$ cat start-v9.txt   # compact mmCIF, C-alpha atoms and all ligand atoms
# COMPACT_ATOMS: atom_id res chain seq x y z
CA MET A 1 14.05 158.98 176.22
CA PRO A 2 16.29 156.41 174.53
CA GLN A 3 19.73 155.96 176.01
CA ASN A 4 22.45 157.37 173.78
CA THR A 5 24.67 154.33 173.83
CA GLY A 6 24.12 150.63 174.15
CA ARG A 7 26.25 147.53 174.54
CA ILE A 8 26.47 144.32 172.56
CA ALA A 9 28.23 141.02 173.27
CA CYS A 10 30.45 139.96 170.38
CA LEU A 11 32.60 136.95 169.71
CA ASP A 12 36.24 137.76 169.18
CA GLY A 13 37.59 134.34 168.22
CA PRO A 14 36.44 131.04 169.75
CA LYS A 15 35.29 131.23 173.38
CA ASN A 16 36.15 134.88 173.72
CA VAL A 17 33.29 137.29 174.28
CA GLU A 18 33.77 141.01 174.45
CA LEU A 19 31.25 143.75 175.14
CA LYS A 20 31.31 146.63 172.71
CA GLU A 21 29.62 149.97 173.15
CA PHE A 22 27.99 151.94 170.34
CA GLU A 23 25.67 154.84 169.86
CA VAL A 24 22.07 153.65 169.57
CA PRO A 25 21.13 154.18 165.91
CA SER A 26 17.99 155.71 164.49
CA PRO A 27 15.93 153.29 162.40
CA GLU A 28 16.03 153.55 158.63
CA PRO A 29 12.61 153.50 156.90
CA GLY A 30 10.95 150.14 157.55
CA ALA A 31 13.27 149.23 160.44
CA ILE A 32 12.76 149.24 164.22
CA VAL A 33 15.14 150.02 167.05
CA THR A 34 14.30 148.03 170.16
CA GLU A 35 15.43 147.48 173.70
CA VAL A 36 16.24 143.88 174.56
CA VAL A 37 13.93 142.67 177.33
CA ARG A 38 15.36 139.15 177.45
CA ALA A 39 17.59 137.05 175.20
CA ASN A 40 17.90 133.30 175.61
CA VAL A 41 21.03 131.21 175.19
CA CYS A 42 20.33 128.56 172.59
CA GLY A 43 22.34 125.50 171.57
CA SER A 44 23.35 127.39 168.44
CA GLU A 45 25.07 130.07 170.54
CA ILE A 46 27.16 127.39 172.18
CA HIS A 47 28.20 126.10 168.73
CA ILE A 48 29.01 129.62 167.59
CA TRP A 49 30.88 130.48 170.78
CA SER A 50 33.01 127.36 170.49
CA GLY A 51 33.74 128.07 166.81
CA GLY A 52 31.50 125.36 165.30
CA HIS A 53 29.03 127.34 163.18
CA PRO A 54 29.58 127.22 159.40
CA HIS A 55 28.53 130.85 158.76
CA ILE A 56 28.73 132.76 162.03
CA THR A 57 32.32 132.74 163.25
CA ASP A 58 32.67 136.03 165.03
CA GLY A 59 30.63 139.14 165.51
CA PRO A 60 27.42 139.65 167.45
CA LEU A 61 25.99 136.85 169.58
CA GLY A 62 22.37 135.94 170.19
CA HIS A 63 19.38 135.27 167.97
CA GLU A 64 16.51 134.61 170.37
CA GLY A 65 14.82 137.34 172.34
CA LEU A 66 11.92 139.46 173.41
CA PHE A 67 12.12 143.15 172.55
CA ARG A 68 10.41 146.43 173.34
CA VAL A 69 9.93 148.92 170.53
CA LEU A 70 11.97 152.05 171.16
CA GLU A 71 11.64 153.78 167.80
CA LEU A 72 9.75 152.85 164.63
CA GLY A 73 11.25 153.72 161.27
CA ASP A 74 9.16 155.58 158.72
CA GLY A 75 6.45 153.42 157.26
CA VAL A 76 6.23 150.89 160.09
CA SER A 77 2.72 150.97 161.47
CA THR A 78 1.82 147.28 161.73
CA ASP A 79 3.52 143.96 162.40
CA HIS A 80 3.53 141.20 159.76
CA ALA A 81 0.08 140.10 160.87
CA GLY A 82 -1.31 143.56 160.12
CA ARG A 83 -1.74 144.51 163.76
CA PRO A 84 -0.95 148.10 164.75
CA VAL A 85 2.39 148.51 166.48
CA GLU A 86 3.60 151.44 168.58
CA GLU A 87 6.57 152.48 170.62
CA GLY A 88 6.55 150.54 173.89
CA ASP A 89 5.01 147.39 172.39
CA LEU A 90 6.65 144.01 172.90
CA ILE A 91 7.69 142.29 169.68
CA VAL A 92 9.53 139.20 168.51
CA PRO A 93 11.24 139.13 165.09
CA ALA A 94 12.47 136.20 163.05
CA TYR A 95 16.22 136.01 163.69
CA PHE A 96 16.97 135.83 159.96
CA ALA A 97 16.22 138.00 156.98
CA THR A 98 13.68 137.34 154.25
CA CYS A 99 14.85 139.54 151.38
CA GLU A 100 11.93 138.70 149.06
CA SER A 101 14.14 139.23 146.02
CA CYS A 102 16.52 136.24 145.87
CA VAL A 103 15.85 133.07 143.87
CA ARG A 104 14.56 131.10 146.88
CA CYS A 105 12.33 133.92 148.14
CA GLY A 106 11.03 134.33 144.59
CA GLN A 107 9.93 130.68 144.71
CA GLY A 108 8.16 131.28 148.00
CA GLU A 109 10.77 129.30 149.94
CA PHE A 110 11.27 132.08 152.45
CA ARG A 111 12.96 129.83 155.01
CA LEU A 112 15.81 129.37 152.52
CA CYS A 113 16.44 133.04 151.72
CA GLU A 114 19.98 133.38 150.38
CA HIS A 115 20.45 136.47 152.52
CA ALA A 116 19.14 134.94 155.75
CA TYR A 117 22.27 135.74 157.77
CA ASP A 118 23.34 138.95 156.03
CA HIS A 119 22.56 141.10 159.07
CA TRP A 120 23.44 138.78 161.92
CA SER A 121 26.81 137.85 160.40
CA GLN A 122 28.01 141.45 160.20
CA SER A 123 30.51 142.79 162.66
CA ALA A 124 29.00 144.99 165.34
CA ASP A 125 31.43 147.67 164.13
CA VAL A 126 29.21 148.03 161.07
CA HIS A 127 26.32 150.47 161.46
CA PRO A 128 23.64 149.98 162.87
CA HIS A 129 25.74 147.79 165.19
CA PHE A 130 23.01 145.93 167.08
CA HIS A 131 22.76 142.78 164.92
CA GLY A 132 22.68 140.25 167.77
CA THR A 133 20.34 139.84 170.71
CA PHE A 134 22.92 139.58 173.52
CA ALA A 135 22.82 143.32 173.78
CA SER A 136 21.01 146.21 175.35
CA HIS A 137 19.42 147.06 171.99
CA TYR A 138 18.47 145.16 168.86
CA TYR A 139 17.95 146.48 165.36
CA VAL A 140 15.09 144.88 163.42
CA TYR A 141 15.80 145.34 159.71
CA PRO A 142 13.07 146.06 157.16
CA ASP A 143 13.42 142.51 155.79
CA GLN A 144 12.90 140.76 159.13
CA PHE A 145 9.36 139.56 159.80
CA PHE A 146 8.22 140.57 163.28
CA TYR A 147 5.13 140.09 165.40
CA LYS A 148 3.62 141.91 168.30
CA VAL A 149 3.53 139.92 171.53
CA PRO A 150 0.36 140.09 173.61
CA SER A 151 0.90 141.08 177.22
CA GLY A 152 0.74 138.41 179.88
CA LEU A 153 2.85 135.74 178.19
CA ASP A 154 5.77 134.28 180.16
CA GLU A 155 8.91 136.07 179.01
CA GLY A 156 11.25 133.07 178.82
CA PRO A 157 9.21 130.95 176.41
CA VAL A 158 8.15 133.86 174.22
CA ALA A 159 11.79 134.95 173.95
CA SER A 160 12.48 131.53 172.42
CA ALA A 161 9.42 131.52 170.16
CA ASN A 162 11.52 132.62 167.19
CA CYS A 163 13.70 129.52 167.45
CA ALA A 164 12.66 126.09 168.75
CA LEU A 165 8.88 126.45 168.66
CA SER A 166 8.68 128.08 165.21
CA GLN A 167 11.18 125.53 163.93
CA VAL A 168 9.15 122.62 165.27
CA LEU A 169 5.82 123.94 163.99
CA CYS A 170 7.29 124.32 160.51
CA GLY A 171 8.94 120.89 160.68
CA LEU A 172 5.84 119.06 161.87
CA ASP A 173 3.93 120.56 158.96
CA ALA A 174 6.59 119.25 156.57
CA VAL A 175 5.90 115.67 157.76
CA GLU A 176 2.18 116.37 158.14
CA VAL A 177 1.80 115.29 161.75
CA GLY A 178 -1.87 114.90 162.42
CA TRP A 179 -4.58 113.28 164.42
CA ASP A 180 -3.90 109.68 165.42
CA ASP A 181 -0.24 109.69 164.38
CA THR A 182 2.32 108.24 166.74
CA VAL A 183 5.40 110.44 166.74
CA VAL A 184 8.70 109.22 168.11
CA VAL A 185 10.84 112.14 169.25
CA GLN A 186 14.58 111.47 169.50
CA GLY A 187 15.94 113.88 172.08
CA ALA A 188 14.18 115.80 174.86
CA GLY A 189 15.98 119.14 174.65
CA GLY A 190 14.24 122.41 173.78
CA LEU A 191 13.29 121.27 170.27
CA GLY A 192 12.13 117.85 171.48
CA LEU A 193 9.90 119.21 174.23
CA ALA A 194 8.39 121.74 171.82
CA ALA A 195 7.80 118.86 169.40
CA VAL A 196 5.97 116.89 172.09
CA ALA A 197 3.70 119.85 172.90
CA ALA A 198 3.05 120.69 169.24
CA ALA A 199 2.37 117.04 168.30
CA ARG A 200 -0.02 116.66 171.23
CA GLU A 201 -1.94 119.76 170.20
CA ARG A 202 -2.46 118.09 166.83
CA GLY A 203 -3.90 115.00 168.48
CA ALA A 204 -0.84 112.81 167.99
CA ARG A 205 0.64 110.37 170.52
CA THR A 206 4.28 110.79 171.42
CA ILE A 207 7.15 108.53 172.42
CA VAL A 208 10.29 110.30 173.59
CA ILE A 209 13.75 108.73 173.59
CA ASP A 210 16.55 110.23 175.65
CA GLY A 211 19.22 109.13 178.09
CA VAL A 212 19.19 111.90 180.67
CA GLU A 213 16.93 111.52 183.69
CA ALA A 214 16.00 115.20 184.02
CA ARG A 215 15.14 115.43 180.33
CA LEU A 216 12.96 112.31 180.46
CA GLU A 217 11.11 113.76 183.44
CA LEU A 218 10.52 116.98 181.55
CA ALA A 219 9.24 114.99 178.56
CA GLU A 220 6.69 113.35 180.86
CA ARG A 221 5.69 116.71 182.25
CA PHE A 222 5.19 117.94 178.69
CA GLY A 223 2.74 115.09 178.24
CA ALA A 224 4.78 112.47 176.39
CA ASP A 225 2.67 109.30 176.30
CA HIS A 226 5.75 107.12 176.72
CA VAL A 227 9.41 107.72 177.40
CA VAL A 228 12.23 105.34 176.52
CA ASP A 229 15.40 105.60 178.58
CA MET A 230 18.41 104.91 176.36
CA ARG A 231 20.48 103.88 179.36
CA ARG A 232 18.17 100.95 180.05
CA VAL A 233 16.94 100.21 176.54
CA ASP A 234 20.48 100.33 175.36
CA THR A 235 20.65 99.18 171.75
CA VAL A 236 19.00 100.34 168.54
CA ASP A 237 17.32 96.95 168.14
CA ARG A 238 15.86 97.11 171.63
CA ARG A 239 14.60 100.63 171.15
CA ALA A 240 13.03 99.69 167.81
CA GLU A 241 11.41 96.70 169.53
CA ARG A 242 10.11 98.93 172.33
CA VAL A 243 8.60 101.39 169.84
CA ARG A 244 6.89 98.49 168.06
CA GLU A 245 5.48 97.28 171.39
CA LEU A 246 4.04 100.72 171.96
CA THR A 247 2.49 100.87 168.48
CA ASP A 248 0.71 97.50 168.19
CA GLY A 249 3.73 95.94 166.54
CA ASP A 250 3.84 98.51 163.75
CA GLY A 251 6.44 101.21 164.42
CA ALA A 252 5.91 104.96 164.65
CA ASP A 253 4.17 106.90 161.88
CA VAL A 254 6.56 109.81 162.24
CA GLY A 255 10.08 110.22 163.60
CA VAL A 256 11.58 113.55 164.66
CA GLU A 257 15.35 113.77 165.04
CA VAL A 258 16.19 116.50 167.52
CA ALA A 259 19.01 114.79 169.37
CA GLY A 260 21.60 116.43 167.14
CA VAL A 261 23.56 113.18 167.06
CA PRO A 262 24.40 111.67 163.64
CA ASP A 263 23.68 108.09 164.77
CA ALA A 264 20.15 109.14 165.70
CA PHE A 265 19.42 109.53 161.99
CA SER A 266 20.18 105.90 161.13
CA GLU A 267 18.36 104.77 164.27
CA GLY A 268 15.30 106.83 163.39
CA ILE A 269 14.66 104.81 160.25
CA GLU A 270 14.48 101.64 162.39
CA LEU A 271 11.84 103.15 164.66
CA LEU A 272 9.33 103.84 161.90
CA ARG A 273 6.60 101.75 160.35
CA GLU A 274 6.67 101.02 156.62
CA GLY A 275 5.68 104.18 154.77
CA GLY A 276 6.58 106.33 157.77
CA ARG A 277 7.76 109.95 157.63
CA TYR A 278 10.99 111.17 159.11
CA LEU A 279 12.00 114.71 160.02
CA GLU A 280 15.70 115.48 160.37
CA MET A 281 16.16 118.72 162.25
CA GLY A 282 18.72 118.27 165.01
CA ASN A 283 21.93 117.60 163.09
CA VAL A 284 22.98 121.08 162.01
CA VAL A 285 26.75 121.06 162.55
CA PRO A 286 28.55 119.73 159.45
CA GLY A 287 31.51 117.41 159.73
CA HIS A 288 29.95 114.67 161.86
CA THR A 289 29.02 111.43 160.13
CA THR A 290 27.19 108.19 160.74
CA GLU A 291 27.06 104.78 159.14
CA PHE A 292 23.86 104.57 157.18
CA ASP A 293 22.28 101.71 155.25
CA PRO A 294 20.06 103.40 152.65
CA ALA A 295 18.35 100.17 151.66
CA ARG A 296 16.81 99.99 155.14
CA MET A 297 15.09 103.26 154.33
CA THR A 298 14.14 102.38 150.76
CA ARG A 299 12.66 99.01 151.62
CA LYS A 300 10.42 100.65 154.19
CA SER A 301 9.63 103.47 151.76
CA ILE A 302 10.35 106.16 154.33
CA ASP A 303 9.82 109.80 153.35
CA VAL A 304 12.61 111.94 154.75
CA GLU A 305 12.22 115.69 155.24
CA SER A 306 14.72 118.06 156.76
CA ALA A 307 14.10 121.51 158.13
CA MET A 308 16.47 124.42 158.54
CA ARG A 309 14.92 127.67 159.75
CA TYR A 310 11.21 128.20 159.01
CA ASP A 311 8.96 130.29 156.86
CA PRO A 312 8.76 133.42 158.97
CA TRP A 313 5.00 133.37 159.43
CA TYR A 314 5.46 130.31 161.65
CA LEU A 315 6.61 132.77 164.27
CA ARG A 316 3.10 134.16 164.38
CA THR A 317 1.76 130.62 164.87
CA ALA A 318 4.31 130.05 167.62
CA ILE A 319 3.19 133.13 169.54
CA GLU A 320 -0.45 132.10 169.13
CA PHE A 321 0.47 128.61 170.29
CA LEU A 322 1.95 130.02 173.50
CA GLU A 323 -1.10 132.25 173.92
CA THR A 324 -3.65 129.49 173.56
CA ALA A 325 -1.88 126.33 174.76
CA GLY A 326 1.27 127.57 176.49
CA ASP A 327 -0.19 127.25 179.98
CA GLU A 328 -0.77 123.53 179.49
CA TYR A 329 2.96 122.87 179.25
CA PRO A 330 5.77 123.75 181.66
CA PHE A 331 7.68 125.87 179.12
CA GLU A 332 8.45 128.48 181.76
CA ASP A 333 10.26 125.90 183.92
CA LEU A 334 12.93 125.41 181.25
CA PHE A 335 14.32 128.88 181.92
CA ASP A 336 16.11 128.59 185.19
CA SER A 337 18.83 131.21 185.25
CA ASP A 338 19.10 134.88 184.36
CA PHE A 339 22.38 136.67 183.72
CA PRO A 340 23.10 140.37 183.25
CA LEU A 341 24.55 141.35 179.88
CA ALA A 342 28.01 141.77 181.37
CA GLU A 343 27.95 138.02 182.16
CA ALA A 344 26.96 136.87 178.68
CA GLU A 345 30.08 134.74 178.38
CA GLU A 346 29.39 133.14 181.76
CA ALA A 347 25.83 132.38 180.60
CA ILE A 348 27.13 130.60 177.50
CA ARG A 349 29.90 128.75 179.32
CA ARG A 350 27.60 127.46 182.03
CA SER A 351 25.07 126.41 179.41
CA ASP A 352 27.85 124.53 177.62
CA GLU A 353 28.82 122.82 180.87
CA ARG A 354 25.12 121.97 181.39
CA ASP A 355 25.46 123.63 184.73
CA VAL A 356 22.22 125.51 183.99
CA GLY A 357 19.13 124.58 181.95
CA ARG A 358 18.11 127.39 179.63
CA ALA A 359 19.94 130.60 180.48
CA SER A 360 18.60 134.05 179.70
CA ILE A 361 20.42 137.33 179.40
CA VAL A 362 18.42 140.14 180.94
CA PRO A 363 20.15 143.47 180.24
CA GLU A 364 20.25 145.77 183.24
CA ARG A 365 18.51 149.13 182.68
ZN ZN B 401 17.84 129.25 169.08
ZN ZN B 402 15.70 136.06 149.92

$ encode --input "start-v9.txt" --output "structure tokens"
Amino acid sequence: MPQNTGRIACLDGPKNVELKEFEVPSPEPGAIVTEVVRANVCGSEIHIWSGGHPHITDGPLGHEGLFRVLELGDGVSTDHAGRPVEEGDLIVPAYFATCESCVRCGQGEFRLCEHAYDHWSQSADVHPHFHGTFASHYYVYPDQFFYKVPSGLDEGPVASANCALSQVLCGLDAVEVGWDDTVVVQGAGGLGLAAVAAARERGARTIVIDGVEARLELAERFGADHVVDMRRVDTVDRRAERVRELTDGDGADVGVEVAGVPDAFSEGIELLREGGRYLEMGNVVPGHTTEFDPARMTRKSIDVESAMRYDPWYLRTAIEFLETAGDEYPFEDLFDSDFPLAEAEEAIRRSDERDVGRASIVPER
């Protein structure tokens, strides 16, 4: 039987998390009420917690997670891949809404739905309360794509499938990473490591640039063909030279910015060959700038793409990716610390202090 009440971690002003308790709702038609199996702390949560997110300033925390179906609303019999779904099944939803009736959705640009954050950005005081994943329960709205998760997958990575991996798979499609490309990945955090794995599965070579020993080691364990240590190769010119050495004097075909540092964008252009493609994905917090010489980009005829969120069906691809290729990469090793829900704030703070790798919140039952 479902518990009558559940708890949810909410932000009450910067760096102040409070747990609120609400009655567990019944699902409206098309919706699902779930129990949270595991919710991961993502870089975005740290931005939100510290007051740096442009849209989410208070309210429920958490967007990644793995969930168990508690109650299906009327009309829900399959996931968005058409597979039957029942109470007790594990599912992962996209963390944002796809309303299918706004201008962007009407143009098929589902990743840009104008109502993407309508649910998540609501206060937990608003029914049905459970809009964030740092909670005992999570409410999947009728306009959230969701997919059933096959049993046997490692919980940590699959609970992040709706963020980094889906994001990367969508982004790499935007710059058409394919066989025989050399991809330079700027930054070996969660997005960067997912980019290495996804690029490798497409037959591309990868060069990873970072300045933190542990992250460079992880990049190697994820199968990066080369790593470049920013502490030793310590100027943009030297790093560009090193990338040329590794690409027969040419430069990389594709660059992926997942460092989240504005200067990485201007550097990325220098790392590419003429006619290269560049994917900007890591800089998501407005208000940070870099000096940029656009003629450097124009003269090399670089195509620049940027990616924010993903078309929700990429989540299905992400789960299939973990199912078929997940074992070849040490995704599970990224998740090194579990916290009970009551310590959600501690989980975020220690992630911010880089005292832990990827933290997970595992609600006690
Ligand atoms: Zn995330
Ligand atoms: Zn929409």

$ closest_residue --input "start-v9.txt" --among "A:Ser151, A:Ser121, A:Thr235, A:Ser160" --to "ligand ZN 401 (chain B)" --atoms "all atoms listed in the file"
A:Ser160

$ residues_near_ligand --input "start-v9.txt" --ligand "ligand ZN 402 (chain B)" --cutoff "10 Å" --atoms "all atoms listed in the file" --output "PDB file with C-alpha atoms, in the frame of the given file"
ATOM      1  CA  ALA A  97      16.220 138.000 156.980  1.00  0.00           C
ATOM      2  CA  THR A  98      13.680 137.340 154.250  1.00  0.00           C
ATOM      3  CA  CYS A  99      14.850 139.540 151.380  1.00  0.00           C
ATOM      4  CA  GLU A 100      11.930 138.700 149.060  1.00  0.00           C
ATOM      5  CA  SER A 101      14.140 139.230 146.020  1.00  0.00           C
ATOM      6  CA  CYS A 102      16.520 136.240 145.870  1.00  0.00           C
ATOM      7  CA  VAL A 103      15.850 133.070 143.870  1.00  0.00           C
ATOM      8  CA  ARG A 104      14.560 131.100 146.880  1.00  0.00           C
ATOM      9  CA  CYS A 105      12.330 133.920 148.140  1.00  0.00           C
ATOM     10  CA  GLY A 106      11.030 134.330 144.590  1.00  0.00           C
ATOM     11  CA  GLN A 107       9.930 130.680 144.710  1.00  0.00           C
ATOM     12  CA  GLY A 108       8.160 131.280 148.000  1.00  0.00           C
ATOM     13  CA  GLU A 109      10.770 129.300 149.940  1.00  0.00           C
ATOM     14  CA  PHE A 110      11.270 132.080 152.450  1.00  0.00           C
ATOM     15  CA  ARG A 111      12.960 129.830 155.010  1.00  0.00           C
ATOM     16  CA  LEU A 112      15.810 129.370 152.520  1.00  0.00           C
ATOM     17  CA  CYS A 113      16.440 133.040 151.720  1.00  0.00           C
ATOM     18  CA  GLU A 114      19.980 133.380 150.380  1.00  0.00           C
ATOM     19  CA  HIS A 115      20.450 136.470 152.520  1.00  0.00           C
ATOM     20  CA  ALA A 116      19.140 134.940 155.750  1.00  0.00           C
ATOM     21  CA  ASP A 143      13.420 142.510 155.790  1.00  0.00           C
TER      22      ASP A 143
END

$ atom_distance --input "start-v9.txt" --atom1 "atom CA of Asp173 of chain A" --atom2 "atom CA of Asp311 of chain A"
11.2 Å

$ residues_around --input "start-v9.txt" --residues "Pro128 of chain A" --least-positions-apart "6" --cutoff "10 Å" --atoms "all atoms listed in the file" --output "list in words"
Phe22, Glu23, Val24, Pro25, Ser26, Pro27, Glu28, Val33, His119, Gln122, Tyr138, Tyr139, Val140 and Tyr141 of chain A

$ residues_near_point --input "start-v9.txt" --point "(25.0, 129.2, 180.3)" --cutoff "9 Å" --atoms "all atoms listed in the file" --output "number ranges by chain"
A: 41, 46, 337, 339, 344-360

$ residues_near_ligand --input "start-v9.txt" --ligand "ligand ZN 401 (chain B)" --cutoff "9 Å" --atoms "all atoms listed in the file" --output "list of chain:residue names"
A:Asn40, A:Val41, A:Cys42, A:Gly43, A:Ser44, A:Glu45, A:Gly62, A:His63, A:Glu64, A:Tyr95, A:Ser160, A:Ala161, A:Asn162, A:Cys163, A:Ala164

$ closest_residue --input "start-v9.txt" --among "A:Val168, A:Pro14, A:Leu322, A:Val149" --to "His53 of chain A" --atoms "only C-alpha atoms"
A:Pro14

$ closest_residue --input "start-v9.txt" --among "A:Glu267, A:Glu35, A:Asp12, A:Glu241" --to "Val362 of chain A" --atoms "all atoms listed in the file"
A:Glu35

$ atom_distance --input "start-v9.txt" --atom1 "atom CA of Gly192 of chain A" --atom2 "atom CA of Val258 of chain A"
5.8 Å

$ atom_distance --input "start-v9.txt" --atom1 "atom CA of His80 of chain A" --atom2 "atom CA of Lys148 of chain A"
8.6 Å

$ residues_near_point --input "start-v9.txt" --point "(34.0, 136.9, 167.4)" --cutoff "6 Å" --atoms "all atoms listed in the file" --output "list in words"
Cys10, Leu11, Asp12, Gly13, Asp58 and Gly59 of chain A

$ residues_around --input "start-v9.txt" --residues "Leu66 of chain A" --least-positions-apart "4" --cutoff "6 Å" --atoms "all atoms listed in the file" --output "JSON, numbers by chain"
{"A": [37, 38, 92, 159]}

$ decode --input "start-v9.txt" --residues "segment 264-271 of chain A" --atoms "all heavy atoms" --output "PDB file, in the first residue's frame"
ATOM      1  N   ALA A 264      36.662  28.489 -22.383  1.00  0.00           N
ATOM      2  CA  ALA A 264      36.777  27.248 -23.157  1.00  0.00           C
ATOM      3  C   ALA A 264      36.168  27.417 -24.543  1.00  0.00           C
ATOM      4  O   ALA A 264      36.604  26.786 -25.508  1.00  0.00           O
ATOM      5  CB  ALA A 264      36.100  26.089 -22.423  1.00  0.00           C
ATOM      6  N   PHE A 265      35.165  28.288 -24.645  1.00  0.00           N
ATOM      7  CA  PHE A 265      34.514  28.503 -25.945  1.00  0.00           C
ATOM      8  C   PHE A 265      35.498  29.108 -26.944  1.00  0.00           C
ATOM      9  O   PHE A 265      35.652  28.609 -28.063  1.00  0.00           O
ATOM     10  CB  PHE A 265      33.290  29.402 -25.774  1.00  0.00           C
ATOM     11  CG  PHE A 265      32.597  29.734 -27.061  1.00  0.00           C
ATOM     12  CD1 PHE A 265      31.803  28.782 -27.688  1.00  0.00           C
ATOM     13  CD2 PHE A 265      32.740  30.977 -27.642  1.00  0.00           C
ATOM     14  CE1 PHE A 265      31.165  29.068 -28.891  1.00  0.00           C
ATOM     15  CE2 PHE A 265      32.106  31.279 -28.841  1.00  0.00           C
ATOM     16  CZ  PHE A 265      31.318  30.328 -29.471  1.00  0.00           C
ATOM     17  N   SER A 266      36.189  30.173 -26.552  1.00  0.00           N
ATOM     18  CA  SER A 266      37.132  30.780 -27.496  1.00  0.00           C
ATOM     19  C   SER A 266      38.297  29.835 -27.791  1.00  0.00           C
ATOM     20  O   SER A 266      38.789  29.757 -28.914  1.00  0.00           O
ATOM     21  CB  SER A 266      37.633  32.141 -26.997  1.00  0.00           C
ATOM     22  OG  SER A 266      37.528  32.251 -25.608  1.00  0.00           O
ATOM     23  N   GLU A 267      38.700  29.070 -26.772  1.00  0.00           N
ATOM     24  CA  GLU A 267      39.781  28.100 -26.986  1.00  0.00           C
ATOM     25  C   GLU A 267      39.353  27.011 -27.965  1.00  0.00           C
ATOM     26  O   GLU A 267      40.131  26.573 -28.818  1.00  0.00           O
ATOM     27  CB  GLU A 267      40.182  27.459 -25.650  1.00  0.00           C
ATOM     28  CG  GLU A 267      41.162  26.306 -25.829  1.00  0.00           C
ATOM     29  CD  GLU A 267      41.839  25.875 -24.533  1.00  0.00           C
ATOM     30  OE1 GLU A 267      41.818  26.654 -23.558  1.00  0.00           O
ATOM     31  OE2 GLU A 267      42.399  24.762 -24.523  1.00  0.00           O
ATOM     32  N   GLY A 268      38.092  26.580 -27.840  1.00  0.00           N
ATOM     33  CA  GLY A 268      37.616  25.472 -28.668  1.00  0.00           C
ATOM     34  C   GLY A 268      37.808  25.721 -30.154  1.00  0.00           C
ATOM     35  O   GLY A 268      38.192  24.822 -30.912  1.00  0.00           O
ATOM     36  N   ILE A 269      37.560  26.973 -30.567  1.00  0.00           N
ATOM     37  CA  ILE A 269      37.699  27.312 -31.983  1.00  0.00           C
ATOM     38  C   ILE A 269      39.135  27.058 -32.451  1.00  0.00           C
ATOM     39  O   ILE A 269      39.372  26.626 -33.574  1.00  0.00           O
ATOM     40  CB  ILE A 269      37.300  28.797 -32.203  1.00  0.00           C
ATOM     41  CG1 ILE A 269      35.857  29.043 -31.735  1.00  0.00           C
ATOM     42  CG2 ILE A 269      37.502  29.222 -33.651  1.00  0.00           C
ATOM     43  CD1 ILE A 269      34.801  28.169 -32.355  1.00  0.00           C
ATOM     44  N   GLU A 270      40.095  27.293 -31.562  1.00  0.00           N
ATOM     45  CA  GLU A 270      41.519  27.130 -31.923  1.00  0.00           C
ATOM     46  C   GLU A 270      41.908  25.660 -32.054  1.00  0.00           C
ATOM     47  O   GLU A 270      42.931  25.340 -32.644  1.00  0.00           O
ATOM     48  CB  GLU A 270      42.414  27.789 -30.860  1.00  0.00           C
ATOM     49  CG  GLU A 270      42.103  29.257 -30.603  1.00  0.00           C
ATOM     50  CD  GLU A 270      42.270  30.110 -31.855  1.00  0.00           C
ATOM     51  OE1 GLU A 270      43.177  29.804 -32.670  1.00  0.00           O
ATOM     52  OE2 GLU A 270      41.471  31.065 -32.024  1.00  0.00           O
ATOM     53  N   LEU A 271      41.115  24.779 -31.468  1.00  0.00           N
ATOM     54  CA  LEU A 271      41.477  23.361 -31.449  1.00  0.00           C
ATOM     55  C   LEU A 271      40.991  22.616 -32.693  1.00  0.00           C
ATOM     56  O   LEU A 271      41.349  21.464 -32.910  1.00  0.00           O
ATOM     57  CB  LEU A 271      40.882  22.682 -30.204  1.00  0.00           C
ATOM     58  CG  LEU A 271      41.186  23.337 -28.846  1.00  0.00           C
ATOM     59  CD1 LEU A 271      40.458  22.602 -27.729  1.00  0.00           C
ATOM     60  CD2 LEU A 271      42.693  23.339 -28.583  1.00  0.00           C
TER      61      LEU A 271
END
